[in-house]
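K.L.:
Input target19.tsv, format and content: TSV, C-alpha atoms and all ligand atoms.
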```tsv
chain	number	residue	atom	x	y	z
A	19	MET	CA	-41.13	37.26	-56.53
A	20	ASP	CA	-44.45	36.07	-57.88
A	21	CYS	CA	-46.65	37.40	-55.09
A	22	LEU	CA	-50.14	38.75	-55.74
A	23	PHE	CA	-50.10	41.21	-52.84
A	24	CYS	CA	-46.60	42.49	-53.70
A	25	LYS	CA	-48.04	43.22	-57.17
A	26	ILE	CA	-50.98	45.04	-55.57
A	27	ILE	CA	-48.57	47.17	-53.52
A	28	SER	CA	-46.53	48.01	-56.64
A	29	GLY	CA	-49.70	48.87	-58.57
A	30	GLU	CA	-49.13	46.15	-61.15
A	31	ILE	CA	-52.48	44.68	-60.09
A	32	PRO	CA	-55.25	47.19	-59.31
A	33	SER	CA	-56.92	47.42	-55.92
A	34	THR	CA	-59.29	49.67	-54.04
A	35	LYS	CA	-57.02	51.40	-51.55
A	36	VAL	CA	-58.41	52.45	-48.18
A	37	TYR	CA	-55.14	53.35	-46.39
A	38	GLU	CA	-51.43	53.61	-47.11
A	39	ASP	CA	-48.31	54.71	-45.25
A	40	GLU	CA	-44.62	53.89	-45.59
A	41	LEU	CA	-45.04	50.46	-43.96
A	42	VAL	CA	-48.63	49.40	-44.55
A	43	TYR	CA	-51.18	49.12	-47.36
A	44	ALA	CA	-54.90	48.39	-46.94
A	45	PHE	CA	-57.46	47.63	-49.63
A	46	ARG	CA	-60.89	46.10	-50.13
A	47	ASP	CA	-61.13	42.34	-50.45
A	48	ILE	CA	-62.20	41.37	-53.97
A	49	ASN	CA	-64.63	38.76	-52.58
A	50	PRO	CA	-66.12	40.42	-49.50
A	51	GLN	CA	-67.51	38.16	-46.79
A	52	ALA	CA	-69.07	41.04	-44.84
A	53	PRO	CA	-70.30	44.57	-45.74
A	54	THR	CA	-66.84	45.81	-44.75
A	55	HIS	CA	-64.01	43.40	-45.69
A	56	ILE	CA	-60.59	45.01	-45.84
A	57	LEU	CA	-57.12	43.47	-46.02
A	58	VAL	CA	-54.25	45.17	-44.19
A	59	ILE	CA	-50.77	44.09	-45.31
A	60	PRO	CA	-47.13	44.99	-44.72
A	61	LYS	CA	-45.42	46.55	-47.75
A	62	ALA	CA	-42.42	44.34	-47.09
A	63	HIS	CA	-43.11	40.74	-48.03
A	64	VAL	CA	-43.74	38.43	-45.06
A	65	ALA	CA	-45.25	35.07	-45.96
A	66	SER	CA	-47.66	34.64	-43.06
A	67	ALA	CA	-48.21	35.12	-39.33
A	68	ASN	CA	-45.95	32.09	-38.94
A	69	GLU	CA	-43.00	34.12	-40.28
A	70	ILE	CA	-43.22	37.06	-37.86
A	71	THR	CA	-39.92	37.58	-36.07
A	72	GLU	CA	-38.18	40.14	-33.85
A	73	GLU	CA	-36.71	41.59	-37.05
A	74	ASN	CA	-40.00	42.22	-38.89
A	75	SER	CA	-42.60	42.62	-36.12
A	76	ALA	CA	-42.59	46.43	-36.03
A	77	VAL	CA	-44.91	46.46	-39.02
A	78	VAL	CA	-47.36	44.27	-37.13
A	79	ALA	CA	-47.57	46.89	-34.39
A	80	ARG	CA	-48.15	49.51	-37.09
A	81	ILE	CA	-50.90	47.39	-38.65
A	82	PHE	CA	-52.69	47.16	-35.30
A	83	GLU	CA	-52.35	50.93	-34.84
A	84	VAL	CA	-53.93	51.46	-38.25
A	85	ILE	CA	-56.80	49.01	-37.77
A	86	PRO	CA	-58.82	51.26	-35.37
A	87	LYS	CA	-58.41	54.18	-37.79
A	88	ILE	CA	-59.77	52.09	-40.65
A	89	ALA	CA	-62.59	50.78	-38.43
A	90	ALA	CA	-63.56	54.34	-37.52
A	91	ALA	CA	-63.41	55.49	-41.14
A	92	GLU	CA	-65.64	52.55	-42.12
A	93	GLY	CA	-68.12	53.33	-39.34
A	94	LEU	CA	-67.62	50.03	-37.55
A	95	SER	CA	-68.76	51.43	-34.20
A	96	GLY	CA	-70.55	48.19	-33.38
A	97	GLY	CA	-67.33	46.18	-33.57
A	98	PHE	CA	-65.34	44.16	-36.03
A	99	ARG	CA	-63.25	41.00	-36.35
A	100	VAL	CA	-59.55	40.72	-37.30
A	101	VAL	CA	-58.41	37.43	-38.82
A	102	SER	CA	-55.11	36.20	-40.22
A	103	ASN	CA	-55.03	32.78	-41.84
A	104	ALA	CA	-51.61	31.11	-41.66
A	105	GLY	CA	-50.88	27.91	-43.49
A	106	ALA	CA	-52.86	25.11	-45.06
A	107	ASP	CA	-55.06	24.17	-42.10
A	108	ALA	CA	-56.28	27.79	-41.99
A	109	CYS	CA	-56.84	27.83	-45.80
A	110	GLN	CA	-54.35	30.66	-46.37
A	111	SER	CA	-54.63	31.31	-50.10
A	112	VAL	CA	-52.29	34.30	-50.56
A	113	HIS	CA	-48.85	33.82	-49.03
A	114	HIS	CA	-48.21	37.45	-48.08
A	115	LEU	CA	-49.15	38.29	-44.49
A	116	HIS	CA	-52.57	39.92	-44.31
A	117	PHE	CA	-55.11	40.77	-41.67
A	118	HIS	CA	-58.77	40.66	-42.65
A	119	ILE	CA	-60.99	43.32	-41.08
A	120	LEU	CA	-64.58	42.09	-41.16
A	121	GLY	CA	-67.55	44.10	-39.99
A	122	GLY	CA	-70.68	46.01	-40.82
A	123	LYS	CA	-73.04	43.25	-39.73
A	124	GLN	CA	-73.56	40.88	-36.79
A	125	LEU	CA	-70.82	38.29	-37.35
A	126	SER	CA	-71.13	34.62	-36.50
A	127	ASP	CA	-70.12	33.53	-33.01
A	128	GLN	CA	-68.31	30.61	-34.68
A	129	MET	CA	-64.72	31.28	-35.77
A	130	ALA	CA	-63.78	27.90	-37.18
A	201	LIG	P1	-56.67	34.17	-47.26
A	201	LIG	O1	-57.59	33.10	-47.78
A	201	LIG	O2	-56.75	34.42	-45.78
A	201	LIG	O3	-55.25	33.93	-47.76
A	201	LIG	O4	-57.19	35.54	-47.88
A	201	LIG	C1	-56.85	35.97	-49.16
A	201	LIG	C2	-57.89	36.99	-49.51
A	201	LIG	O5	-57.42	37.72	-50.64
A	201	LIG	C3	-59.25	36.41	-49.90
A	201	LIG	O6	-60.26	36.91	-49.02
A	201	LIG	C4	-59.45	36.89	-51.33
A	201	LIG	O7	-60.78	37.24	-51.63
A	201	LIG	C5	-58.52	38.09	-51.38
A	201	LIG	N1	-58.05	38.45	-52.71
A	201	LIG	C6	-57.52	37.61	-53.65
A	201	LIG	N2	-57.16	38.30	-54.73
A	201	LIG	C7	-57.47	39.61	-54.49
A	201	LIG	C8	-57.34	40.81	-55.24
A	201	LIG	N3	-56.82	40.83	-56.48
A	201	LIG	N4	-57.78	41.96	-54.68
A	201	LIG	C9	-58.32	41.96	-53.44
A	201	LIG	N5	-58.45	40.86	-52.68
A	201	LIG	C10	-58.04	39.70	-53.20
A	202	ZN	ZN	-45.66	39.58	-51.21
```
Let me see whether you can do it: turn the structure in this file into structure tokens.
P.N.:
Amino acid sequence: MDCLFCKIISGEIPSTKVYEDELVYAFRDINPQAPTHILVIPKAHVASANEITEENSAVVARIFEVIPKIAAAEGLSGGFRVVSNAGADACQSVHHLHFHILGGKQLSDQMA
């Protein structure tokens, strides 16, 4: 499958890893929109938040267990935002499920 994030998980495309376990990989966004901008992804390919099912949702629970650990490691004691763009209206550009962690500054009160 020609998927950028699957290639990042396999190491074919380099990334700056911040966390990894048997289900989840996290790395720094190449075009950060905040002082901390990390992407957390399932190792198994899921196209977007619109493709989460009973069969594959365990990894989503794992991702949300990992997020506070990453936030603590990044020193995001003031808070952070988690975003997942799904589909064209949300401008999803990589079609492998990912959760953005954004923090390290006062974020906008506008989300859209
Ligand atoms: P989205 O627009 O929600 O699909 O987010 C895709 C994100 O992937 C964007 O924030 C990009 O900056 C990021 N991105 C694209 N290519 C890479 C890469 N090679 N390494 C790290 N982040 C990337
Ligand atoms: Zn993929």
K.L.:
Compare A:Ile85, A:Cys21, A:Ala52, A:Leu120 by their minimum atom-to-atom distance to A:Val101, counting all atoms listed in the file, and give me the closest one.
P.N.:
A:Leu120
K.L.:
As a quick test: using all atoms listed in the file, which residues lie no more than 7 Å away from ligand ZN 202 (chain A)? Give them as a PDB file with C-alpha atoms, in the coordinates of the input.
P.N.:
```
ATOM      1  CA  CYS A  21     -46.650  37.400 -55.090  1.00  0.00           C
ATOM      2  CA  LEU A  22     -50.140  38.750 -55.740  1.00  0.00           C
ATOM      3  CA  PHE A  23     -50.100  41.210 -52.840  1.00  0.00           C
ATOM      4  CA  CYS A  24     -46.600  42.490 -53.700  1.00  0.00           C
ATOM      5  CA  HIS A  63     -43.110  40.740 -48.030  1.00  0.00           C
ATOM      6  CA  VAL A  64     -43.740  38.430 -45.060  1.00  0.00           C
ATOM      7  CA  ALA A  65     -45.250  35.070 -45.960  1.00  0.00           C
ATOM      8  CA  HIS A 113     -48.850  33.820 -49.030  1.00  0.00           C
ATOM      9  CA  HIS A 114     -48.210  37.450 -48.080  1.00  0.00           C
TER      10      HIS A 114
END
```
K.L.:
Skip A:Ile59 itself and residues of its chain fewer than 4 positions away, then list as a ChimeraX atom specification all residues within 12 Å of it, counting only C-alpha atoms.
P.N.:
/A:22-24,26-27,35-47,63-67,77-82,84-85,102,112-119
K.L.:
My list of candidates is A:Ser111, A:Ala62, A:Lys87, A:Lys25. Which is closest to ligand LIG 201 (chain A) when distances are computed with all atoms listed in the file?
P.N.:
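The closest residue to ligand LIG 201 (chain A) is A:Ser111.
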K.L.:
Between atom CA of A:Glu83 and atom CA of A:Asp107, what is the distance in Å, rounded to a tenth?
P.N.:
27.9 Å
K.L.:
Atom CA of A:Thr71 and atom CA of A:Phe98, how far apart in Å?
P.N.:
26.3 Å
K.L.:
Add whatever atoms are absent from stretch 108-128 of chain A to reach N, CA and C atoms, and provide the output as a short mmCIF file (atom, residue, chain, number, x, y, z; two decimals), in the frame of the given file.
P.N.:
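This is the output file part.cif:
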```
data_model
loop_
_atom_site.label_atom_id
_atom_site.label_comp_id
_atom_site.auth_asym_id
_atom_site.auth_seq_id
_atom_site.Cartn_x
_atom_site.Cartn_y
_atom_site.Cartn_z
N ALA A 108 -55.46 26.57 -42.09
CA ALA A 108 -56.28 27.79 -41.99
C ALA A 108 -56.77 28.26 -43.37
N CYS A 109 -56.44 27.48 -44.43
CA CYS A 109 -56.84 27.83 -45.80
C CYS A 109 -56.24 29.16 -46.26
N GLN A 110 -55.01 29.46 -45.83
CA GLN A 110 -54.35 30.66 -46.37
C GLN A 110 -54.18 30.49 -47.87
N SER A 111 -54.68 31.45 -48.64
CA SER A 111 -54.63 31.31 -50.10
C SER A 111 -53.64 32.28 -50.75
N VAL A 112 -53.29 33.37 -50.06
CA VAL A 112 -52.29 34.30 -50.56
C VAL A 112 -51.17 34.35 -49.52
N HIS A 113 -49.95 34.02 -49.97
CA HIS A 113 -48.85 33.82 -49.03
C HIS A 113 -48.04 35.10 -48.86
N HIS A 114 -48.77 36.16 -48.52
CA HIS A 114 -48.21 37.45 -48.08
C HIS A 114 -49.07 37.84 -46.88
N LEU A 115 -48.43 38.03 -45.74
CA LEU A 115 -49.15 38.29 -44.49
C LEU A 115 -50.27 39.31 -44.70
N HIS A 116 -51.45 38.97 -44.22
CA HIS A 116 -52.57 39.92 -44.31
C HIS A 116 -53.52 39.69 -43.15
N PHE A 117 -54.11 40.80 -42.73
CA PHE A 117 -55.11 40.77 -41.67
C PHE A 117 -56.43 41.20 -42.28
N HIS A 118 -57.42 40.33 -42.20
CA HIS A 118 -58.77 40.66 -42.65
C HIS A 118 -59.45 41.50 -41.57
N ILE A 119 -60.06 42.59 -41.95
CA ILE A 119 -60.99 43.32 -41.08
C ILE A 119 -62.39 43.04 -41.62
N LEU A 120 -63.22 42.46 -40.76
CA LEU A 120 -64.58 42.09 -41.16
C LEU A 120 -65.56 42.80 -40.24
N GLY A 121 -66.56 43.43 -40.83
CA GLY A 121 -67.55 44.10 -39.99
C GLY A 121 -68.69 44.65 -40.83
N GLY A 122 -69.53 45.42 -40.15
CA GLY A 122 -70.68 46.01 -40.82
C GLY A 122 -71.93 45.17 -40.72
N LYS A 123 -71.86 44.07 -40.00
CA LYS A 123 -73.04 43.25 -39.73
C LYS A 123 -72.76 42.46 -38.45
N GLN A 124 -73.78 41.80 -37.91
CA GLN A 124 -73.56 40.88 -36.79
C GLN A 124 -72.83 39.66 -37.33
N LEU A 125 -71.61 39.44 -36.89
CA LEU A 125 -70.82 38.29 -37.35
C LEU A 125 -71.19 37.05 -36.57
N SER A 126 -70.88 35.90 -37.14
CA SER A 126 -71.13 34.62 -36.50
C SER A 126 -70.33 34.50 -35.20
N ASP A 127 -70.89 33.79 -34.23
CA ASP A 127 -70.12 33.53 -33.01
C ASP A 127 -69.20 32.31 -33.18
N GLN A 128 -69.20 31.72 -34.38
CA GLN A 128 -68.31 30.61 -34.68
C GLN A 128 -67.10 31.16 -35.44
#
```
